[in-house]
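To start, the structure itself, in structure tokens.
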Amino acid sequence: MTDRRLILGIETSCDETAAAVVARDPTGAGTILSNVVRAQIEAHAPYSGVVPEIAARAHAEICDHVVDAAMKESAVEFAELNAVAATAGPGLIGGVMVGLLTAKSIALATGRDFVAVNHLEAHVLTPRLTHGVAFPYLVMLASGGHSQWVLVRGLSEYERLATTIDDAIGEAFDKSAKLLGLGFPGGPAVENAAKNGDPTRFSFPKPLTGRPTFDISLSGLKTAIRQEAEALQPLSDGDISDLCASFQATVTEIITDRTARILDRLHADGVSLTAIVASGGVAANQTIRNALEDLAAERSLPVAMPPMHLCTDNGAMIAWAALEHHAAGRRDPLDFPARSRWPLDEKAAPKLGFGRAGVKV
Ligand code: KG4
Ligand code: ZN
């Protein structure tokens, strides 16, 4: 009898249908045995954003095929699994329900344990799978739906130190790309256009900088781009490149300013971090990655950036979070609900949609 655990993880909370089988050995080291991801980019591209109803239908159509592919690729039988896990939230509720029901059905039919996973927790635990990072560490999680800085003190010990009070960082990239007529998803399109641009041509606002908060606000940036773009009509390719480069430089400055101040605070509080981690789709951005790497080097801290396919939504991170919890004794009931909202740090007050000043309106 070995203590090696095997879990099938299913992810359907946004626009990726994903399943993976991951192993965890008794030392705590993880191995990805399969990781199948089917993105829905084409289905949502005409709308320049993820349409919840289209996403849910697409998940329902392919989820069992994706699970089947992940099981075959791993060469693991259902009977060998310790548990079946799925994202139970936060996310688009229709999609979450598809993955959750699939996982529960498999667990019930095969007599395996079931583990419900918080999607944000799966993102923040990924560097333990990819880099074996020890606690405590700081994660900057930036995707289309979430932007937060989280201190990971231990399993289930998460402190959200900062978040956005309006748009998520990836969302700001997507909205800017849309108003400049670039494609979806906007992040890669903006980064690409920015390559030939002048990052100093436009000066965009950096709200909340210098205030006694670590939170960020990005909706004013989008308005500023719209105003510049309207004033320049018709836009040349050079104008678009300069707008993208200036936008990217501003976002990078906001991110590094907050990260630096958070590091100062943690240092003053005597928290000895093992690493800084950047995750989520935005961590694909080379300018942002480079800036965080420079900052970490200044502070003599290692940076752990999971490879891109594990920064964006995937099943391996769900299986891994479930493995960590399963090893600690966690099992969830089959009536565990799907949650559209499920904050990682239950103590932190919600900020999104609270108005630009961070005050409930
Ligand atoms: O983590 P992710 O794949 O999905 C979730 O939102 O959960 O993140 C997608 C987001 C999109 O908003 C996309 O525009 C952004 O990440 N993104 C980028 C880049 N690649 C993807 N943002 C900036 N630069 C990039 N290279
Ligand atoms: Zn995600």
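Ordered as shown in the structure tokens, chains take letters A, B, and onward, while each chain numbers its residues from 1 and ligands are numbered from 1 in the order shown.
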
- prompt: Within 7 Å of A:Phe135, counting only C-alpha atoms, which residues qualify if same-chain residues fewer than 6 places away don't, as a PyMOL selection string?
  reply: chain A and resi 152-154+274

task: Select from stretch 55-215 of chain A everything DSSP, run on the backbone, classes as strand (DSSP E or B), then give the selection as an NGL selection string.
output: :A and (83-89 or 113-118 or 137-142 or 147-154 or 157-164)

Let me see the file: selected residues, N, CA, C and O atoms, as a compact mmCIF listing (two decimals), in the first residue's frame.
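Below you can see part-v5.txt, which holds the result:
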# COMPACT_ATOMS: atom_id res chain seq x y z
N ALA A 83 -9.94 10.28 -5.41
CA ALA A 83 -11.08 11.20 -5.37
C ALA A 83 -11.30 11.81 -6.74
O ALA A 83 -10.43 11.77 -7.61
N VAL A 84 -12.49 12.37 -6.90
CA VAL A 84 -12.83 13.16 -8.08
C VAL A 84 -13.14 14.57 -7.56
O VAL A 84 -13.84 14.72 -6.55
N ALA A 85 -12.58 15.58 -8.23
CA ALA A 85 -12.73 16.96 -7.76
C ALA A 85 -13.24 17.85 -8.88
O ALA A 85 -13.01 17.56 -10.06
N ALA A 86 -13.90 18.92 -8.50
CA ALA A 86 -14.32 19.91 -9.50
C ALA A 86 -14.37 21.29 -8.86
O ALA A 86 -14.51 21.41 -7.64
N THR A 87 -14.25 22.32 -9.71
CA THR A 87 -14.45 23.68 -9.24
C THR A 87 -15.91 23.83 -8.83
O THR A 87 -16.81 23.53 -9.60
N ALA A 88 -16.13 24.31 -7.59
CA ALA A 88 -17.51 24.55 -7.12
C ALA A 88 -17.79 26.05 -7.11
O ALA A 88 -18.86 26.49 -6.73
N GLY A 89 -16.82 26.87 -7.49
CA GLY A 89 -16.98 28.32 -7.54
C GLY A 89 -15.64 28.98 -7.23
O GLY A 89 -14.70 28.26 -6.90
N ASP A 113 -14.01 9.29 -3.39
CA ASP A 113 -14.30 10.49 -2.60
C ASP A 113 -14.57 11.65 -3.56
O ASP A 113 -14.14 11.64 -4.71
N PHE A 114 -15.23 12.67 -3.01
CA PHE A 114 -15.49 13.87 -3.80
C PHE A 114 -14.88 15.07 -3.07
O PHE A 114 -15.00 15.18 -1.84
N VAL A 115 -14.21 15.95 -3.80
CA VAL A 115 -13.65 17.18 -3.20
C VAL A 115 -14.10 18.38 -4.03
O VAL A 115 -13.92 18.39 -5.26
N ALA A 116 -14.71 19.37 -3.38
CA ALA A 116 -15.15 20.60 -4.05
C ALA A 116 -14.03 21.63 -3.92
O ALA A 116 -13.51 21.85 -2.83
N VAL A 117 -13.66 22.23 -5.05
CA VAL A 117 -12.49 23.12 -5.05
C VAL A 117 -12.89 24.56 -5.32
O VAL A 117 -13.73 24.85 -6.18
N ASN A 118 -12.27 25.47 -4.57
CA ASN A 118 -12.39 26.90 -4.83
C ASN A 118 -11.40 27.23 -5.96
O ASN A 118 -10.19 27.00 -5.84
N TYR A 137 4.02 32.50 0.95
CA TYR A 137 4.43 33.19 -0.27
C TYR A 137 3.34 34.18 -0.69
O TYR A 137 2.20 34.09 -0.21
N LEU A 138 3.72 35.11 -1.57
CA LEU A 138 2.78 36.13 -2.05
C LEU A 138 2.39 35.82 -3.49
O LEU A 138 3.27 35.59 -4.32
N VAL A 139 1.09 35.80 -3.76
CA VAL A 139 0.63 35.56 -5.14
C VAL A 139 -0.06 36.80 -5.67
O VAL A 139 -0.91 37.39 -5.00
N MET A 140 0.33 37.19 -6.89
CA MET A 140 -0.45 38.18 -7.61
C MET A 140 -1.24 37.41 -8.66
O MET A 140 -0.67 36.84 -9.58
N LEU A 141 -2.54 37.34 -8.45
CA LEU A 141 -3.40 36.57 -9.34
C LEU A 141 -4.17 37.55 -10.22
O LEU A 141 -4.95 38.35 -9.72
N ALA A 142 -3.92 37.51 -11.52
CA ALA A 142 -4.54 38.49 -12.41
C ALA A 142 -5.08 37.80 -13.65
O ALA A 142 -4.31 37.30 -14.48
N SER A 147 -8.46 39.92 -9.83
CA SER A 147 -7.16 40.58 -9.67
C SER A 147 -6.95 40.72 -8.18
O SER A 147 -7.62 41.51 -7.53
N GLN A 148 -6.10 39.91 -7.62
CA GLN A 148 -5.85 40.05 -6.20
C GLN A 148 -4.43 39.65 -5.82
O GLN A 148 -3.79 38.87 -6.50
N TRP A 149 -3.99 40.28 -4.72
CA TRP A 149 -2.71 39.93 -4.13
C TRP A 149 -3.05 39.14 -2.87
O TRP A 149 -3.76 39.63 -1.99
N VAL A 150 -2.55 37.91 -2.79
CA VAL A 150 -2.94 37.03 -1.68
C VAL A 150 -1.69 36.54 -0.96
O VAL A 150 -0.75 36.04 -1.59
N LEU A 151 -1.69 36.70 0.35
CA LEU A 151 -0.62 36.11 1.17
C LEU A 151 -1.08 34.69 1.51
O LEU A 151 -2.13 34.49 2.12
N VAL A 152 -0.29 33.70 1.07
CA VAL A 152 -0.63 32.30 1.32
C VAL A 152 0.23 31.85 2.51
O VAL A 152 1.41 31.57 2.36
N ARG A 153 -0.39 31.82 3.68
CA ARG A 153 0.37 31.46 4.89
C ARG A 153 0.44 29.95 5.06
O ARG A 153 1.36 29.42 5.67
N GLY A 154 -0.58 29.25 4.56
CA GLY A 154 -0.65 27.80 4.68
C GLY A 154 -1.90 27.33 3.97
O GLY A 154 -2.64 28.15 3.43
N GLU A 157 -5.17 29.05 4.66
CA GLU A 157 -4.82 30.29 5.37
C GLU A 157 -4.44 31.36 4.35
O GLU A 157 -3.26 31.49 3.98
N TYR A 158 -5.46 32.06 3.87
CA TYR A 158 -5.23 33.04 2.81
C TYR A 158 -5.66 34.42 3.27
O TYR A 158 -6.72 34.58 3.84
N GLU A 159 -4.81 35.38 2.99
CA GLU A 159 -5.14 36.75 3.35
C GLU A 159 -5.11 37.59 2.08
O GLU A 159 -4.06 37.71 1.45
N ARG A 160 -6.26 38.12 1.72
CA ARG A 160 -6.29 38.98 0.53
C ARG A 160 -5.81 40.36 0.94
O ARG A 160 -6.44 41.03 1.75
N LEU A 161 -4.68 40.78 0.39
CA LEU A 161 -4.09 42.05 0.79
C LEU A 161 -4.54 43.19 -0.10
O LEU A 161 -4.50 44.35 0.31
N ALA A 162 -4.93 42.87 -1.33
CA ALA A 162 -5.38 43.92 -2.25
C ALA A 162 -6.22 43.30 -3.34
O ALA A 162 -6.08 42.11 -3.65
N THR A 163 -7.07 44.15 -3.92
CA THR A 163 -7.87 43.68 -5.05
C THR A 163 -8.23 44.90 -5.89
O THR A 163 -7.77 46.00 -5.61
N THR A 164 -9.03 44.68 -6.94
CA THR A 164 -9.47 45.82 -7.74
C THR A 164 -10.83 46.26 -7.22
O THR A 164 -11.63 45.43 -6.78

Ligand 1 neighbours within 6 Å using only C-alpha atoms and all ligand atoms, as a count of residues only: 19

message: I want to know what sits within 10 Å of stretch 329-343 of chain A, based on only C-alpha atoms, with residues of the same chain fewer than 4 positions away left out; could you give that as a PyMOL selection string?
response: chain A and resi 13+83+85+87-101+103-105+107-108+113-121+160+322-325+347-350

query: With only C-alpha atoms and all ligand atoms as the basis for distance, which of A:Ala122, A:Leu263, A:Ala75, A:Val190 is at the shortest distance from ligand 2?
result: A:Ala122

query: In terms of the shortest atom-to-atom distance over only C-alpha atoms and all ligand atoms, which of A:Val271, A:Ile254, A:Leu310, A:Ile276 is closest to ligand 2?
result: A:Leu310

- request: Using only C-alpha atoms, determine which residues lie at most 10 Å from A:Arg128, disregarding the query and same-chain residues fewer than 2 positions distant; provide the list as a count of residues only.
  value: 18
